[in-house]
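Written out below as structure tokens is the structure these notes cover.
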Amino acid sequence: MCGIVGYAGRKSAQPILLDCLKRLEYRGYDSAGMAVVGDGVRVYKTKGEIAALESEMPAIEGTVGVAHTRWATQGRPTSDNAHPFDGCRNQVAVVHNGIISNFVELRDALVAGGHEFSSDTDTEVFAHLVEEELGDDELLDAVGRALKRVSGTYAFAVVSSGRDEVVGARKESPLVVGVGSGENFLASDVTALLKYTDRVIYVQDGELVRVTPDSVTIVDADGNEVEREAERVAWSLEDAEKGGYPHFMLKEIFEQPSAIHESLLGRIDAVEAESSFLNGSPFSSVKIVACGTSYNAGLVGKYLIEEFAKMPVTTQISSEYRYSAPARENPLVVLVTQSGETLDTIAAAREARRRGNRTVAIVNVVGSAITREVDHVIYTRAGPEIGVAATKTFVTQLIALYLLAIELGSQGKAITAHAKRSIISQLRNLPRAVQDVLNQADAIEALAGKYSGSRDMFFIGRNIHYPIALEGALKTKEISYIHGEGYPAGELKHGPLALLSEESPVVAVVAKDHTYEKIIGNISEVSARGSPVIAVATEDDTEIEKFADDVIYLRETSPLFSPVPAIVALQLWAYYLARARGCPIDKPRNIAKTVTVE
Ligand code: M6R
């Protein structure tokens with residue numbers, strides 16, 4: 001949440017900062033601002049999206065600056081509360097992602113010392129602190145001393161009048177250096193920088209960094225210089241652009257066959273060779289911990305691991321796990337997070353280690369914070385995901401969980417070599433099953449149009465398709481603002497049926513497995529209350545049309561694997577509902593792509 005960017009070079013900073021900032025807009029978009037260094041620092045900020053900032057700002061000269069796109073935490077989204085902040089003397093400008101938890105006492109002390117505040121934010125105190133510390137000193141040292149007075153989480157970028165440098169600092173919020181030629185950058189995320197460089201240095205917790213046009217200096221919390229080589233980023237600029245699609249979300253949905261293929265690449269060989277990183281691990285249960293969509297993936301993982309490895313699995317939302325009482329067992333703790341930055345999930349990883357558990361992260365972003373907090377990392381290789389709604393990262397998390405379940409099953413001798421071969425061949429078929437769904441996009445769009453006026457929508461599924469119902473509901477509410485609720489199909493009659501009427505369609509994810517007759521029964525209960533039923537079912541289901549008003553057919557796929565094409569159908573469903581309703585699909589109101597606050 002919140003995107004920050006800094007530039008020190010020889011070109012005009014303003015257009016570069018604007019361009020980088022637009023590429024970070026998925027991190028928050030309720031206000032935006034920029035500061036460019038000249039004799040003083042010139043600060044422009046406004047409420048609303050970056051486009052508003054762009055149209056309101058005059059052209060300004062200067063080759064060094066910082067910029068910010070905000071997702072409000074402390075203080076409403078107004079232009080006064082937008083970043084950067086420049087203290088009292090217009091000498092420094094600060095942008096920040098994170099929370100300064102002791103800002104109230106700091107502000108009181110600063111006000112008592114004569115400082116004047118213009119916002120309700122926590123961040124503004126830091127501008128005043130740096131201003132107090134600066135004098136004729138080095139900016140890096142002044143920032144270092146100011147940091148000693150703040151508690152909380154942060155990625156800061158700071159500039160000051162008359163200096164061709166940007167100073168950054170990081171604690172629990174991401175910060176990356178982009179290494180260019182005659183120019184260097186700071187940003188929250190590599191996607192902001194792909195147009196300018198593919199060489200990056202990941203700043204670590206507790207470190208400060210100073211970038212000038214020709215140098216990058218990193219120091220640790222004790223002021224010692226740190227040597228770190230730049231790394232090449234595997235992602236390309238095209239990966240992070242819309243490529244002709246109207247929305248990132250649609251592009252990312254259509255990238256799923258190749259994302260699945262990438263995620264499987266090389267991994268099947270490892271699974272076949274049984275060269276597992278889990279060998280010799282002393283655990284007899286698994287706990288999966290995550291938030292949001294990643295939690296729903298974890299729930300699918302529970303069914304997979306229980307099926308393939310016959311091992312007990314519990315799932316828990318990260319923010320709940322952190323404060324739960326430790327159990328006597330010693331599980332393998334699997335943290336699922338596309339960004340690797342979600343604060344609650346990172347805190348959960350630390351808690352799992354504190355409890356002495358072995359930890360694995362399933363994560364998409366290389367070098368992200370969680371990769372330093374766990375014993376093993378499984379990368380999902382989905383490529384950058386810019387749309388706020390998670391799509392290809394969810395599907396590739398499922399792939400990682402299939403592979404983990406097979407590994408656990410092989411290790412515990414719970415699956416035979418024959419069963420393993422069959423599972424692997426099913427996995428290899430998934431890109432085609434997904435492509436089949438994508439080929440039906442026009443039909444799904446027409447169907448979504450028919451139901452797009454609904455206020456409420458229910459999603460039901462059984463067994464491994466229950467988390468798919470949850471994820472379909474989450475996608476729908478997140479981007480179309482239709483109130484969507486996901487339930488295990490058997491639960492409707494325990495309360496939610498009271499809400500059903502002709503006005504509230506029910507989407508049923510139907511599998512031709514041991515739950516088939518039961519879900520048909522549940523569909524009948526729904527129809528009897530007058531609710532229209534849209535079934536997502538496989539082609540071999542010749543009965544479903546008798547029970548459902550509309551059907552989205554998936555290629556015949558074994559029930560343990562149909563969650564993948566089924567969720568792709570529901571992603572398209574949610575996307576086209578949102579489009580029919582004219583919603584801002586890639587930037588839904590009130591939410592941001594990564595949640596780096598508790
Ligand atoms: O980066 P993470 O996977 O840890 O993010 C967790 C959730 O914030 C995220 O999955 C969220 O629910 C999705 N954007 C929903 O589409």
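By convention in this document, the chains of the structure tokens carry letters A, B, ... by their order, each chain's residues are numbered from 1, and ligands are numbered from 1 in the order they are shown.
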If the limit is 8 Å from any atom of ligand 1, counting only C-alpha atoms and all ligand atoms, which residues qualify? Return them as a list of chain:residue names.
A:Ala290, A:Cys291, A:Gly292, A:Thr293, A:Ser294, A:Tyr295, A:Val336, A:Thr337, A:Gln338, A:Ser339, A:Gly340, A:Glu341, A:Thr342, A:Thr345, A:Val363, A:Val388, A:Ala389, A:Ala390, A:Thr391, A:Thr393, A:Phe394, A:Leu474, A:Lys475, A:Glu478, A:Ala592, A:Lys593, A:Thr594, A:Val595
Spatial neighbours of Ala240 of chain A, 7 Å, only C-alpha atoms, chain gap at least 5 places, as a count of residues only:
3
All residues 7 Å or closer to Ala146 of chain A, only C-alpha atoms, same chain fewer than 5 positions away omitted, as a VMD selection string
chain A and resid 129 to 130 133
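Each of A:Glu241, A:Glu329, A:Glu539, A:Asp586 was checked against Arg355 of chain A using only C-alpha atoms; the smallest atom-to-atom distance is that of A:Glu329.
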For atom CA of Leu572 of chain A and atom CA of Glu49 of chain A, quote the distance in Å rounded to one decimal.
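Here the two named atoms are 26.1 Å from each other.
Pairwise distance (atom CA of Ala157 of chain A, atom CA of Val5 of chain A) equals 7.3 Å.
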So the first atom is atom CA of Pro532 of chain A and the second is atom CA of Cys583 of chain A; what is the distance between them in Å, to one decimal place?
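Taking atom CA of Pro532 of chain A and atom CA of Cys583 of chain A, their separation equals 23.7 Å.
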As a ChimeraX atom specification, list the residues of segment 45-139 of chain A assigned to strand (DSSP E or B) by DSSP on the backbone atoms of this structure.
/A:45-47,64-70,85,92-100
Measuring atom to atom with only C-alpha atoms, identify which of A:Gln440, A:Gln411, A:Asn590, A:Thr515 is nearest to Arg70 of chain A.
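Answer, going by the shortest atom-to-atom distance: A:Asn590.
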Neighbour list for Val510 of chain A as a PDB file with N, CA and C atoms, in the first residue's frame, cut-off 8 Å, only C-alpha atoms, skip fewer than 4 positions in-chain:
```
ATOM      1  N   GLY A 461     -20.282 -24.311  -3.308  1.00  0.00           N
ATOM      2  CA  GLY A 461     -19.491 -25.432  -3.816  1.00  0.00           C
ATOM      3  C   GLY A 461     -19.316 -26.412  -2.668  1.00  0.00           C
ATOM      4  N   ARG A 462     -18.892 -27.601  -2.996  1.00  0.00           N
ATOM      5  CA  ARG A 462     -18.633 -28.601  -1.957  1.00  0.00           C
ATOM      6  C   ARG A 462     -17.207 -29.093  -2.073  1.00  0.00           C
ATOM      7  N   HIS A 465     -14.250 -27.652  -4.137  1.00  0.00           N
ATOM      8  CA  HIS A 465     -14.843 -26.525  -4.858  1.00  0.00           C
ATOM      9  C   HIS A 465     -15.473 -25.490  -3.936  1.00  0.00           C
ATOM     10  N   TYR A 516     -21.790 -35.013  -5.850  1.00  0.00           N
ATOM     11  CA  TYR A 516     -22.662 -34.538  -6.928  1.00  0.00           C
ATOM     12  C   TYR A 516     -24.146 -34.505  -6.530  1.00  0.00           C
ATOM     13  N   ILE A 519     -24.970 -31.715  -4.068  1.00  0.00           N
ATOM     14  CA  ILE A 519     -25.048 -30.317  -4.545  1.00  0.00           C
ATOM     15  C   ILE A 519     -26.266 -30.132  -5.449  1.00  0.00           C
ATOM     16  N   ALA A 535     -24.793 -22.637 -13.084  1.00  0.00           N
ATOM     17  CA  ALA A 535     -23.880 -23.721 -12.689  1.00  0.00           C
ATOM     18  C   ALA A 535     -22.581 -23.614 -13.479  1.00  0.00           C
ATOM     19  N   VAL A 536     -21.481 -23.904 -12.792  1.00  0.00           N
ATOM     20  CA  VAL A 536     -20.194 -24.091 -13.467  1.00  0.00           C
ATOM     21  C   VAL A 536     -19.936 -25.590 -13.355  1.00  0.00           C
ATOM     22  N   ALA A 537     -19.989 -26.297 -14.483  1.00  0.00           N
ATOM     23  CA  ALA A 537     -19.959 -27.769 -14.433  1.00  0.00           C
ATOM     24  C   ALA A 537     -19.099 -28.297 -15.568  1.00  0.00           C
ATOM     25  N   THR A 538     -18.711 -29.561 -15.461  1.00  0.00           N
ATOM     26  CA  THR A 538     -17.883 -30.144 -16.527  1.00  0.00           C
ATOM     27  C   THR A 538     -18.758 -30.719 -17.647  1.00  0.00           C
TER      28      THR A 538
END
```
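The closest residue to Asp239 of chain A, picked from A:Ile50, A:Arg23, A:Phe103, A:Arg428 and counting only C-alpha atoms, is A:Arg23.
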From a backbone DSSP assignment, name each residue in segment 488-521 of chain A labelled helix (DSSP H, G or I), as a ChimeraX atom specification.
/A:489-494,496-499,516-521
N, CA and C atoms of the current selection, written as a PDB file, in the first residue's frame:
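As written to disk, result_34.pdb reads:
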```pdb
ATOM      1  N   ALA A 489     -21.934 -25.597   0.039  1.00  0.00           N
ATOM      2  CA  ALA A 489     -23.330 -25.714  -0.418  1.00  0.00           C
ATOM      3  C   ALA A 489     -24.241 -26.248   0.683  1.00  0.00           C
ATOM      4  N   GLY A 490     -23.719 -27.122   1.529  1.00  0.00           N
ATOM      5  CA  GLY A 490     -24.554 -27.710   2.573  1.00  0.00           C
ATOM      6  C   GLY A 490     -24.924 -26.743   3.676  1.00  0.00           C
ATOM      7  N   GLU A 491     -24.295 -25.583   3.701  1.00  0.00           N
ATOM      8  CA  GLU A 491     -24.524 -24.624   4.782  1.00  0.00           C
ATOM      9  C   GLU A 491     -25.698 -23.684   4.520  1.00  0.00           C
ATOM     10  N   LEU A 492     -26.148 -23.566   3.271  1.00  0.00           N
ATOM     11  CA  LEU A 492     -27.176 -22.573   2.963  1.00  0.00           C
ATOM     12  C   LEU A 492     -28.384 -22.716   3.866  1.00  0.00           C
ATOM     13  N   LYS A 493     -28.755 -23.977   4.095  1.00  0.00           N
ATOM     14  CA  LYS A 493     -30.000 -24.195   4.857  1.00  0.00           C
ATOM     15  C   LYS A 493     -29.822 -23.893   6.340  1.00  0.00           C
ATOM     16  N   HIS A 494     -28.606 -23.570   6.755  1.00  0.00           N
ATOM     17  CA  HIS A 494     -28.373 -23.229   8.161  1.00  0.00           C
ATOM     18  C   HIS A 494     -28.395 -21.724   8.389  1.00  0.00           C
ATOM     19  N   PRO A 496     -28.308 -18.837   5.578  1.00  0.00           N
ATOM     20  CA  PRO A 496     -28.326 -17.932   4.413  1.00  0.00           C
ATOM     21  C   PRO A 496     -29.548 -18.073   3.514  1.00  0.00           C
ATOM     22  N   LEU A 497     -30.230 -19.235   3.520  1.00  0.00           N
ATOM     23  CA  LEU A 497     -31.424 -19.386   2.662  1.00  0.00           C
ATOM     24  C   LEU A 497     -32.430 -18.271   2.926  1.00  0.00           C
ATOM     25  N   ALA A 498     -32.412 -17.733   4.151  1.00  0.00           N
ATOM     26  CA  ALA A 498     -33.356 -16.661   4.500  1.00  0.00           C
ATOM     27  C   ALA A 498     -33.170 -15.443   3.591  1.00  0.00           C
ATOM     28  N   LEU A 499     -32.004 -15.299   3.020  1.00  0.00           N
ATOM     29  CA  LEU A 499     -31.722 -14.117   2.192  1.00  0.00           C
ATOM     30  C   LEU A 499     -32.078 -14.325   0.722  1.00  0.00           C
ATOM     31  N   TYR A 516     -21.790 -35.013  -5.850  1.00  0.00           N
ATOM     32  CA  TYR A 516     -22.662 -34.538  -6.928  1.00  0.00           C
ATOM     33  C   TYR A 516     -24.146 -34.505  -6.530  1.00  0.00           C
ATOM     34  N   GLU A 517     -24.625 -35.647  -6.010  1.00  0.00           N
ATOM     35  CA  GLU A 517     -26.059 -35.685  -5.681  1.00  0.00           C
ATOM     36  C   GLU A 517     -26.413 -34.662  -4.625  1.00  0.00           C
ATOM     37  N   LYS A 518     -25.478 -34.447  -3.709  1.00  0.00           N
ATOM     38  CA  LYS A 518     -25.748 -33.496  -2.624  1.00  0.00           C
ATOM     39  C   LYS A 518     -25.869 -32.071  -3.158  1.00  0.00           C
ATOM     40  N   ILE A 519     -24.970 -31.715  -4.068  1.00  0.00           N
ATOM     41  CA  ILE A 519     -25.048 -30.317  -4.545  1.00  0.00           C
ATOM     42  C   ILE A 519     -26.266 -30.132  -5.449  1.00  0.00           C
ATOM     43  N   ILE A 520     -26.647 -31.187  -6.157  1.00  0.00           N
ATOM     44  CA  ILE A 520     -27.880 -31.091  -6.948  1.00  0.00           C
ATOM     45  C   ILE A 520     -29.054 -30.837  -5.996  1.00  0.00           C
ATOM     46  N   GLY A 521     -29.040 -31.523  -4.847  1.00  0.00           N
ATOM     47  CA  GLY A 521     -30.078 -31.289  -3.830  1.00  0.00           C
ATOM     48  C   GLY A 521     -30.056 -29.831  -3.373  1.00  0.00           C
TER      49      GLY A 521
END
```
Which polymer residues have any atom within 9 Å of an atom of Ala35 of chain A, counting only C-alpha atoms, with same-chain residues fewer than 3 positions away left out, as a PDB file with N, CA, C and O atoms, in the first residue's frame?
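What landed in selection15.pdb:
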```pdb
ATOM      1  N   GLN A  14      10.569  15.245 -13.476  1.00  0.00           N
ATOM      2  CA  GLN A  14       9.101  15.245 -13.400  1.00  0.00           C
ATOM      3  C   GLN A  14       8.442  14.166 -14.267  1.00  0.00           C
ATOM      4  O   GLN A  14       7.655  13.364 -13.750  1.00  0.00           O
ATOM      5  N   VAL A  41      12.601  22.945  -2.194  1.00  0.00           N
ATOM      6  CA  VAL A  41      11.984  21.777  -2.819  1.00  0.00           C
ATOM      7  C   VAL A  41      10.576  22.196  -3.227  1.00  0.00           C
ATOM      8  O   VAL A  41       9.851  22.785  -2.428  1.00  0.00           O
ATOM      9  N   ARG A  42      10.224  21.936  -4.485  1.00  0.00           N
ATOM     10  CA  ARG A  42       8.894  22.325  -4.942  1.00  0.00           C
ATOM     11  C   ARG A  42       7.950  21.145  -4.820  1.00  0.00           C
ATOM     12  O   ARG A  42       8.212  20.078  -5.407  1.00  0.00           O
ATOM     13  N   VAL A  43       6.889  21.312  -4.040  1.00  0.00           N
ATOM     14  CA  VAL A  43       5.978  20.208  -3.723  1.00  0.00           C
ATOM     15  C   VAL A  43       4.618  20.471  -4.365  1.00  0.00           C
ATOM     16  O   VAL A  43       4.070  21.562  -4.241  1.00  0.00           O
ATOM     17  N   TYR A  44       4.104  19.436  -5.067  1.00  0.00           N
ATOM     18  CA  TYR A  44       2.757  19.509  -5.642  1.00  0.00           C
ATOM     19  C   TYR A  44       2.024  18.270  -5.204  1.00  0.00           C
ATOM     20  O   TYR A  44       2.579  17.166  -5.280  1.00  0.00           O
ATOM     21  N   LYS A  45       0.784  18.434  -4.748  1.00  0.00           N
ATOM     22  CA  LYS A  45       0.024  17.252  -4.352  1.00  0.00           C
ATOM     23  C   LYS A  45      -1.459  17.500  -4.497  1.00  0.00           C
ATOM     24  O   LYS A  45      -1.905  18.640  -4.456  1.00  0.00           O
ATOM     25  N   VAL A  64      16.183  15.899  -9.766  1.00  0.00           N
ATOM     26  CA  VAL A  64      16.129  15.037  -8.586  1.00  0.00           C
ATOM     27  C   VAL A  64      14.767  15.236  -7.934  1.00  0.00           C
ATOM     28  O   VAL A  64      14.291  16.372  -7.823  1.00  0.00           O
ATOM     29  N   GLY A  65      14.128  14.134  -7.525  1.00  0.00           N
ATOM     30  CA  GLY A  65      12.845  14.311  -6.856  1.00  0.00           C
ATOM     31  C   GLY A  65      12.295  13.016  -6.301  1.00  0.00           C
ATOM     32  O   GLY A  65      12.884  11.937  -6.461  1.00  0.00           O
ATOM     33  N   VAL A  66      11.158  13.153  -5.609  1.00  0.00           N
ATOM     34  CA  VAL A  66      10.457  11.988  -5.056  1.00  0.00           C
ATOM     35  C   VAL A  66       8.974  12.135  -5.365  1.00  0.00           C
ATOM     36  O   VAL A  66       8.491  13.249  -5.587  1.00  0.00           O
ATOM     37  N   ALA A  67       8.248  11.014  -5.361  1.00  0.00           N
ATOM     38  CA  ALA A  67       6.806  11.074  -5.621  1.00  0.00           C
ATOM     39  C   ALA A  67       6.111   9.943  -4.876  1.00  0.00           C
ATOM     40  O   ALA A  67       6.745   8.983  -4.430  1.00  0.00           O
ATOM     41  N   HIS A  83       1.203  13.029   0.283  1.00  0.00           N
ATOM     42  CA  HIS A  83       2.653  13.200   0.398  1.00  0.00           C
ATOM     43  C   HIS A  83       3.139  13.890  -0.877  1.00  0.00           C
ATOM     44  O   HIS A  83       2.462  13.790  -1.888  1.00  0.00           O
ATOM     45  N   PRO A  84       4.303  14.484  -0.939  1.00  0.00           N
ATOM     46  CA  PRO A  84       5.343  14.620   0.085  1.00  0.00           C
ATOM     47  C   PRO A  84       5.000  15.683   1.145  1.00  0.00           C
ATOM     48  O   PRO A  84       4.155  16.557   0.921  1.00  0.00           O
ATOM     49  N   PHE A  85       5.766  15.594   2.266  1.00  0.00           N
ATOM     50  CA  PHE A  85       5.703  16.613   3.315  1.00  0.00           C
ATOM     51  C   PHE A  85       7.041  17.331   3.356  1.00  0.00           C
ATOM     52  O   PHE A  85       8.095  16.714   3.172  1.00  0.00           O
ATOM     53  N   ASP A  86       6.954  18.648   3.634  1.00  0.00           N
ATOM     54  CA  ASP A  86       8.193  19.423   3.517  1.00  0.00           C
ATOM     55  C   ASP A  86       8.562  20.209   4.771  1.00  0.00           C
ATOM     56  O   ASP A  86       9.291  21.188   4.692  1.00  0.00           O
ATOM     57  N   ALA A  93      11.885  17.166   1.604  1.00  0.00           N
ATOM     58  CA  ALA A  93      10.585  16.585   1.236  1.00  0.00           C
ATOM     59  C   ALA A  93      10.671  15.085   1.467  1.00  0.00           C
ATOM     60  O   ALA A  93      11.677  14.453   1.129  1.00  0.00           O
ATOM     61  N   VAL A  94       9.600  14.554   2.044  1.00  0.00           N
ATOM     62  CA  VAL A  94       9.595  13.158   2.480  1.00  0.00           C
ATOM     63  C   VAL A  94       8.385  12.451   1.893  1.00  0.00           C
ATOM     64  O   VAL A  94       7.262  12.978   1.953  1.00  0.00           O
ATOM     65  N   VAL A 159      14.363  13.966  -0.043  1.00  0.00           N
ATOM     66  CA  VAL A 159      15.277  14.856  -0.769  1.00  0.00           C
ATOM     67  C   VAL A 159      15.417  16.149   0.024  1.00  0.00           C
ATOM     68  O   VAL A 159      14.586  16.460   0.885  1.00  0.00           O
TER      69      VAL A 159
END
```
